[in-house]
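Below: the structure, in structure tokens.
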Amino acid sequence: FLHRYLSFESLFKCHAWLGYTVILLVFLAFCAFMTYYGILCINGEQEICQKFESEIMITGYIIFVLFMSVGISSYYRHIIKYEWFYKIHQIVFIAFFVSIMHTIDKVHRTQGGRSQAYKWFTLSLMLYVSDRLTVSSTKRNRITTVVGYQAMNKKRQSSYKNEKDNGIIILKVAKPESFHFKSGHYIKMKLSLIDSSWHPFTIASSPDSDILEFHINVHDVDSWTYQLLDLIRTRKEKENDLEPMNVEIMGPFGNPIAHYGEHSDAILIGSGTGFVSGFSLLQ
């Protein structure tokens, strides 16, 4: 029954659903609180009116604004630039911190018995920090050199609204030593010549190859992929004057295509992120 409404097989969809649920609850609680105590204040409850300027109310206002900022930016994530969306999304950690301080107000510091928010956030934050530490220790960054690239200029309408697909870049980099992956894995790539952000791409080459190959869709002129295309075009015009182009990769991540070796035949179906993992398996 729940599966009809919650996409348990999709971590992203489940995360988004839970996030919107939390933000909706914060919104409803804030509106109900302000309405109830606002009516009491209007009816002459001066003690209630004074509490609207108290420390715990001020932190409450801040929490409301922070969570609403995260919710609105998430809803419009396909319209704003991804880098801006990602940065705004980190506000949630500030909201967690302010929520903890929310119940460690003057009343708690003098009388005690009101601080409980930290209990709800400590375990979640510990899990998140542990995950980040694990990734940084096991999926360490490696710098490698671009050994080839090709831009295929085929314009077609993208699946995203108001966004043009300007073709595909086939990017080939030297596989670093001790880098092992299986078909279906992806990496995160950073190119300092463009910016310091990380971008995920599925590996298209065979696990036995000395080359890591990526097929990258190029979107509109404001996107990171279009900046990559523009960089490649510039380098082709001045190839003899430029140093080798280095990229930084982290990974591999994701789940490999499993159990294909147990059967004599296989049907490969590419959907969602495309058929790139199928290229790797075929090779």
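We name chains A, B, ... following the order of the structure tokens; residues begin at 1 in each chain, and ligands are numbered from 1 as shown.
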
Give me the residues near A:Phe30 as a PDB file with all heavy atoms, in the first residue's frame, where near means some atom within 10 Å (using only C-alpha atoms) and where sequence neighbours in that chain fewer than 4 positions away do not count.
```
ATOM      1  N   LEU A  24       6.588  20.752   5.284  1.00  0.00           N
ATOM      2  CA  LEU A  24       5.144  21.005   5.410  1.00  0.00           C
ATOM      3  C   LEU A  24       4.725  21.020   6.874  1.00  0.00           C
ATOM      4  O   LEU A  24       3.930  21.880   7.303  1.00  0.00           O
ATOM      5  CB  LEU A  24       4.360  19.941   4.643  1.00  0.00           C
ATOM      6  CG  LEU A  24       2.832  20.041   4.731  1.00  0.00           C
ATOM      7  CD1 LEU A  24       2.346  21.358   4.122  1.00  0.00           C
ATOM      8  CD2 LEU A  24       2.171  18.860   4.019  1.00  0.00           C
ATOM      9  N   LEU A  25       5.254  20.096   7.670  1.00  0.00           N
ATOM     10  CA  LEU A  25       4.927  20.053   9.097  1.00  0.00           C
ATOM     11  C   LEU A  25       5.420  21.315   9.803  1.00  0.00           C
ATOM     12  O   LEU A  25       4.718  21.868  10.664  1.00  0.00           O
ATOM     13  CB  LEU A  25       5.543  18.809   9.739  1.00  0.00           C
ATOM     14  CG  LEU A  25       4.915  17.464   9.344  1.00  0.00           C
ATOM     15  CD1 LEU A  25       5.720  16.312   9.925  1.00  0.00           C
ATOM     16  CD2 LEU A  25       3.467  17.390   9.820  1.00  0.00           C
ATOM     17  N   VAL A  26       6.624  21.775   9.447  1.00  0.00           N
ATOM     18  CA  VAL A  26       7.148  23.022  10.025  1.00  0.00           C
ATOM     19  C   VAL A  26       6.239  24.194   9.654  1.00  0.00           C
ATOM     20  O   VAL A  26       5.911  25.039  10.499  1.00  0.00           O
ATOM     21  CB  VAL A  26       8.590  23.280   9.538  1.00  0.00           C
ATOM     22  CG1 VAL A  26       9.049  24.683   9.943  1.00  0.00           C
ATOM     23  CG2 VAL A  26       9.543  22.241  10.104  1.00  0.00           C
ATOM     24  N   MET A  34       1.299  30.657  15.402  1.00  0.00           N
ATOM     25  CA  MET A  34       1.138  32.097  15.284  1.00  0.00           C
ATOM     26  C   MET A  34      -0.335  32.504  15.343  1.00  0.00           C
ATOM     27  O   MET A  34      -0.681  33.541  15.927  1.00  0.00           O
ATOM     28  CB  MET A  34       1.771  32.583  13.981  1.00  0.00           C
ATOM     29  CG  MET A  34       3.277  32.378  13.887  1.00  0.00           C
ATOM     30  SD  MET A  34       4.191  33.281  15.145  1.00  0.00           S
ATOM     31  CE  MET A  34       3.960  34.967  14.596  1.00  0.00           C
ATOM     32  N   THR A  35      -1.212  31.681  14.758  1.00  0.00           N
ATOM     33  CA  THR A  35      -2.643  31.989  14.782  1.00  0.00           C
ATOM     34  C   THR A  35      -3.200  31.905  16.199  1.00  0.00           C
ATOM     35  O   THR A  35      -3.889  32.820  16.679  1.00  0.00           O
ATOM     36  CB  THR A  35      -3.414  31.022  13.872  1.00  0.00           C
ATOM     37  OG1 THR A  35      -2.922  31.139  12.533  1.00  0.00           O
ATOM     38  CG2 THR A  35      -4.895  31.335  13.897  1.00  0.00           C
ATOM     39  N   GLY A  60      12.774  30.618  16.589  1.00  0.00           N
ATOM     40  CA  GLY A  60      11.697  29.966  15.845  1.00  0.00           C
ATOM     41  C   GLY A  60      11.457  30.611  14.492  1.00  0.00           C
ATOM     42  O   GLY A  60      11.252  29.927  13.486  1.00  0.00           O
ATOM     43  N   TYR A  61      11.480  31.953  14.450  1.00  0.00           N
ATOM     44  CA  TYR A  61      11.341  32.660  13.184  1.00  0.00           C
ATOM     45  C   TYR A  61      12.469  32.262  12.221  1.00  0.00           C
ATOM     46  O   TYR A  61      12.238  32.040  11.025  1.00  0.00           O
ATOM     47  CB  TYR A  61      11.385  34.180  13.403  1.00  0.00           C
ATOM     48  CG  TYR A  61      10.340  34.724  14.340  1.00  0.00           C
ATOM     49  CD1 TYR A  61      10.622  35.809  15.171  1.00  0.00           C
ATOM     50  CD2 TYR A  61       9.061  34.170  14.393  1.00  0.00           C
ATOM     51  CE1 TYR A  61       9.673  36.315  16.036  1.00  0.00           C
ATOM     52  CE2 TYR A  61       8.101  34.677  15.252  1.00  0.00           C
ATOM     53  CZ  TYR A  61       8.411  35.749  16.088  1.00  0.00           C
ATOM     54  OH  TYR A  61       7.470  36.255  16.935  1.00  0.00           O
ATOM     55  N   ILE A  63      14.288  29.496  12.214  1.00  0.00           N
ATOM     56  CA  ILE A  63      14.087  28.107  11.773  1.00  0.00           C
ATOM     57  C   ILE A  63      13.073  28.051  10.632  1.00  0.00           C
ATOM     58  O   ILE A  63      13.277  27.361   9.624  1.00  0.00           O
ATOM     59  CB  ILE A  63      13.619  27.232  12.946  1.00  0.00           C
ATOM     60  CG1 ILE A  63      14.749  27.073  13.968  1.00  0.00           C
ATOM     61  CG2 ILE A  63      13.164  25.852  12.464  1.00  0.00           C
ATOM     62  CD1 ILE A  63      14.303  26.461  15.270  1.00  0.00           C
ATOM     63  N   PHE A  64      11.973  28.782  10.786  1.00  0.00           N
ATOM     64  CA  PHE A  64      10.927  28.792   9.763  1.00  0.00           C
ATOM     65  C   PHE A  64      11.479  29.301   8.431  1.00  0.00           C
ATOM     66  O   PHE A  64      11.272  28.678   7.380  1.00  0.00           O
ATOM     67  CB  PHE A  64       9.768  29.667  10.228  1.00  0.00           C
ATOM     68  CG  PHE A  64       8.682  29.822   9.206  1.00  0.00           C
ATOM     69  CD1 PHE A  64       7.767  28.805   8.983  1.00  0.00           C
ATOM     70  CD2 PHE A  64       8.573  30.985   8.457  1.00  0.00           C
ATOM     71  CE1 PHE A  64       6.762  28.940   8.024  1.00  0.00           C
ATOM     72  CE2 PHE A  64       7.580  31.129   7.507  1.00  0.00           C
ATOM     73  CZ  PHE A  64       6.675  30.104   7.297  1.00  0.00           C
TER      74      PHE A  64
END
```

**Request:** Might you pull out every residue within 12 Å of stretch 121-131 of chain A, with only C-alpha atoms counted and same-chain residues fewer than 3 positions away left off, and present them as a ChimeraX atom specification?
**Result:** /A:92-101,116-118,134-139

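For the pair atom CA of A:Trp84 and atom CA of A:Ile23, the separation is 19.6 Å.
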
**Request:** Taking the DSSP assignment computed from this structure's backbone, write out as a VMD selection string all residues of stretch 58-190 of chain A that belong to helix (DSSP H, G or I).
**Result:** chain A and resid 58 to 75 82 to 89 91 to 102 106 to 111 117 to 138

**Message:** What's around A:Tyr20 at 12 Å? Count only C-alpha atoms, leave out sequence neighbours fewer than 3 positions away in its own chain, and write the answer as an MDAnalysis selection string.
**Reply:** chainID A and resid 13:17 23:27 67:75

List the neighbours of stretch 229-232 of chain A out to 9 Å using only C-alpha atoms; skip same-chain residues closer than 4 positions along the sequence, and give me the result as a PDB file with all heavy atoms, in the first residue's frame.
```pdb
ATOM      1  N   TYR A 149      38.969  13.586 -26.516  1.00  0.00           N
ATOM      2  CA  TYR A 149      37.602  14.068 -26.398  1.00  0.00           C
ATOM      3  C   TYR A 149      37.032  14.299 -27.792  1.00  0.00           C
ATOM      4  O   TYR A 149      37.753  14.557 -28.754  1.00  0.00           O
ATOM      5  CB  TYR A 149      37.517  15.355 -25.577  1.00  0.00           C
ATOM      6  CG  TYR A 149      38.604  16.360 -25.839  1.00  0.00           C
ATOM      7  CD1 TYR A 149      38.628  17.103 -27.012  1.00  0.00           C
ATOM      8  CD2 TYR A 149      39.595  16.564 -24.902  1.00  0.00           C
ATOM      9  CE1 TYR A 149      39.630  18.026 -27.250  1.00  0.00           C
ATOM     10  CE2 TYR A 149      40.602  17.487 -25.122  1.00  0.00           C
ATOM     11  CZ  TYR A 149      40.616  18.223 -26.292  1.00  0.00           C
ATOM     12  OH  TYR A 149      41.601  19.131 -26.527  1.00  0.00           O
ATOM     13  N   GLN A 150      35.722  14.174 -27.850  1.00  0.00           N
ATOM     14  CA  GLN A 150      35.017  14.365 -29.127  1.00  0.00           C
ATOM     15  C   GLN A 150      33.655  14.964 -28.823  1.00  0.00           C
ATOM     16  O   GLN A 150      32.935  14.490 -27.941  1.00  0.00           O
ATOM     17  CB  GLN A 150      34.860  13.032 -29.858  1.00  0.00           C
ATOM     18  CG  GLN A 150      34.088  13.135 -31.173  1.00  0.00           C
ATOM     19  CD  GLN A 150      33.860  11.769 -31.804  1.00  0.00           C
ATOM     20  OE1 GLN A 150      34.310  10.757 -31.277  1.00  0.00           O
ATOM     21  NE2 GLN A 150      33.169  11.750 -32.921  1.00  0.00           N
ATOM     22  N   ALA A 151      33.314  16.026 -29.536  1.00  0.00           N
ATOM     23  CA  ALA A 151      32.017  16.672 -29.353  1.00  0.00           C
ATOM     24  C   ALA A 151      31.124  16.356 -30.542  1.00  0.00           C
ATOM     25  O   ALA A 151      31.508  16.584 -31.691  1.00  0.00           O
ATOM     26  CB  ALA A 151      32.191  18.180 -29.204  1.00  0.00           C
ATOM     27  N   ILE A 168      26.530  15.580 -27.452  1.00  0.00           N
ATOM     28  CA  ILE A 168      27.229  14.710 -26.511  1.00  0.00           C
ATOM     29  C   ILE A 168      28.729  14.943 -26.607  1.00  0.00           C
ATOM     30  O   ILE A 168      29.278  15.127 -27.690  1.00  0.00           O
ATOM     31  CB  ILE A 168      26.916  13.227 -26.800  1.00  0.00           C
ATOM     32  CG1 ILE A 168      25.427  12.944 -26.587  1.00  0.00           C
ATOM     33  CG2 ILE A 168      27.757  12.297 -25.927  1.00  0.00           C
ATOM     34  CD1 ILE A 168      25.014  11.546 -27.018  1.00  0.00           C
ATOM     35  N   ILE A 169      29.373  14.917 -25.449  1.00  0.00           N
ATOM     36  CA  ILE A 169      30.838  14.918 -25.381  1.00  0.00           C
ATOM     37  C   ILE A 169      31.281  13.513 -24.990  1.00  0.00           C
ATOM     38  O   ILE A 169      30.791  12.958 -24.003  1.00  0.00           O
ATOM     39  CB  ILE A 169      31.363  15.926 -24.340  1.00  0.00           C
ATOM     40  CG1 ILE A 169      31.011  17.348 -24.742  1.00  0.00           C
ATOM     41  CG2 ILE A 169      32.874  15.772 -24.159  1.00  0.00           C
ATOM     42  CD1 ILE A 169      31.314  18.360 -23.657  1.00  0.00           C
ATOM     43  N   LEU A 193      39.538  23.780 -14.189  1.00  0.00           N
ATOM     44  CA  LEU A 193      39.519  24.801 -15.226  1.00  0.00           C
ATOM     45  C   LEU A 193      38.134  25.435 -15.368  1.00  0.00           C
ATOM     46  O   LEU A 193      37.994  26.515 -15.955  1.00  0.00           O
ATOM     47  CB  LEU A 193      39.950  24.210 -16.569  1.00  0.00           C
ATOM     48  CG  LEU A 193      41.419  23.779 -16.682  1.00  0.00           C
ATOM     49  CD1 LEU A 193      41.650  23.062 -18.011  1.00  0.00           C
ATOM     50  CD2 LEU A 193      42.345  24.971 -16.544  1.00  0.00           C
ATOM     51  N   ILE A 194      37.105  24.748 -14.839  1.00  0.00           N
ATOM     52  CA  ILE A 194      35.739  25.289 -14.890  1.00  0.00           C
ATOM     53  C   ILE A 194      35.334  25.821 -13.521  1.00  0.00           C
ATOM     54  O   ILE A 194      35.028  26.994 -13.353  1.00  0.00           O
ATOM     55  CB  ILE A 194      34.738  24.224 -15.382  1.00  0.00           C
ATOM     56  CG1 ILE A 194      35.086  23.795 -16.812  1.00  0.00           C
ATOM     57  CG2 ILE A 194      33.315  24.764 -15.321  1.00  0.00           C
ATOM     58  CD1 ILE A 194      34.184  22.714 -17.360  1.00  0.00           C
ATOM     59  N   VAL A 218      25.289  17.487 -23.294  1.00  0.00           N
ATOM     60  CA  VAL A 218      25.532  18.923 -23.166  1.00  0.00           C
ATOM     61  C   VAL A 218      24.192  19.644 -23.170  1.00  0.00           C
ATOM     62  O   VAL A 218      23.409  19.504 -24.112  1.00  0.00           O
ATOM     63  CB  VAL A 218      26.421  19.451 -24.316  1.00  0.00           C
ATOM     64  CG1 VAL A 218      26.679  20.942 -24.144  1.00  0.00           C
ATOM     65  CG2 VAL A 218      27.736  18.675 -24.360  1.00  0.00           C
ATOM     66  N   TRP A 224      27.135  23.395 -16.552  1.00  0.00           N
ATOM     67  CA  TRP A 224      28.530  22.975 -16.429  1.00  0.00           C
ATOM     68  C   TRP A 224      28.964  22.206 -17.679  1.00  0.00           C
ATOM     69  O   TRP A 224      30.089  22.363 -18.145  1.00  0.00           O
ATOM     70  CB  TRP A 224      28.676  22.094 -15.192  1.00  0.00           C
ATOM     71  CG  TRP A 224      30.091  21.687 -14.886  1.00  0.00           C
ATOM     72  CD1 TRP A 224      30.990  22.362 -14.118  1.00  0.00           C
ATOM     73  CD2 TRP A 224      30.764  20.499 -15.349  1.00  0.00           C
ATOM     74  NE1 TRP A 224      32.182  21.676 -14.064  1.00  0.00           N
ATOM     75  CE2 TRP A 224      32.076  20.537 -14.808  1.00  0.00           C
ATOM     76  CE3 TRP A 224      30.394  19.423 -16.158  1.00  0.00           C
ATOM     77  CZ2 TRP A 224      33.007  19.528 -15.055  1.00  0.00           C
ATOM     78  CZ3 TRP A 224      31.325  18.425 -16.400  1.00  0.00           C
ATOM     79  CH2 TRP A 224      32.616  18.478 -15.861  1.00  0.00           C
ATOM     80  N   THR A 225      28.060  21.404 -18.235  1.00  0.00           N
ATOM     81  CA  THR A 225      28.406  20.607 -19.415  1.00  0.00           C
ATOM     82  C   THR A 225      28.673  21.489 -20.625  1.00  0.00           C
ATOM     83  O   THR A 225      29.533  21.174 -21.454  1.00  0.00           O
ATOM     84  CB  THR A 225      27.282  19.608 -19.732  1.00  0.00           C
ATOM     85  OG1 THR A 225      26.038  20.318 -19.872  1.00  0.00           O
ATOM     86  CG2 THR A 225      27.150  18.575 -18.625  1.00  0.00           C
ATOM     87  N   LYS A 236      40.778  22.923 -28.818  1.00  0.00           N
ATOM     88  CA  LYS A 236      41.003  22.424 -30.176  1.00  0.00           C
ATOM     89  C   LYS A 236      41.582  23.513 -31.075  1.00  0.00           C
ATOM     90  O   LYS A 236      42.388  23.238 -31.970  1.00  0.00           O
ATOM     91  CB  LYS A 236      39.690  21.888 -30.759  1.00  0.00           C
ATOM     92  CG  LYS A 236      39.339  20.493 -30.270  1.00  0.00           C
ATOM     93  CD  LYS A 236      38.181  19.929 -31.057  1.00  0.00           C
ATOM     94  CE  LYS A 236      37.919  18.468 -30.678  1.00  0.00           C
ATOM     95  NZ  LYS A 236      36.820  17.875 -31.458  1.00  0.00           N
ATOM     96  N   GLU A 237      41.174  24.759 -30.824  1.00  0.00           N
ATOM     97  CA  GLU A 237      41.675  25.868 -31.630  1.00  0.00           C
ATOM     98  C   GLU A 237      43.119  26.208 -31.271  1.00  0.00           C
ATOM     99  O   GLU A 237      43.886  26.664 -32.110  1.00  0.00           O
ATOM    100  CB  GLU A 237      40.794  27.099 -31.415  1.00  0.00           C
ATOM    101  CG  GLU A 237      39.376  26.921 -31.964  1.00  0.00           C
ATOM    102  CD  GLU A 237      38.490  28.101 -31.612  1.00  0.00           C
ATOM    103  OE1 GLU A 237      38.980  29.017 -30.896  1.00  0.00           O
ATOM    104  OE2 GLU A 237      37.316  28.116 -32.025  1.00  0.00           O
TER     105      GLU A 237
END
```

**Prompt:** Which residue gives the smallest distance to A:Ile170 among A:Ile143, A:Val107, A:Ala266, A:Val276, with only C-alpha atoms counted?
**Reply:**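 Comparing A:Ile143, A:Val107, A:Ala266, A:Val276 against A:Ile170, the winner is A:Val276.
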
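Atom CA of A:Thr234 is found 17.0 Å from atom CA of A:Asp222.
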
**Request:** Enumerate, as a ChimeraX atom specification, the complete set of residues in stretch 65-232 of chain A that a backbone-based DSSP assignment places in strand (DSSP E or B).
**Result:** /A:141-152,156-157,164-165,168-174,186-190,199-202,211-217
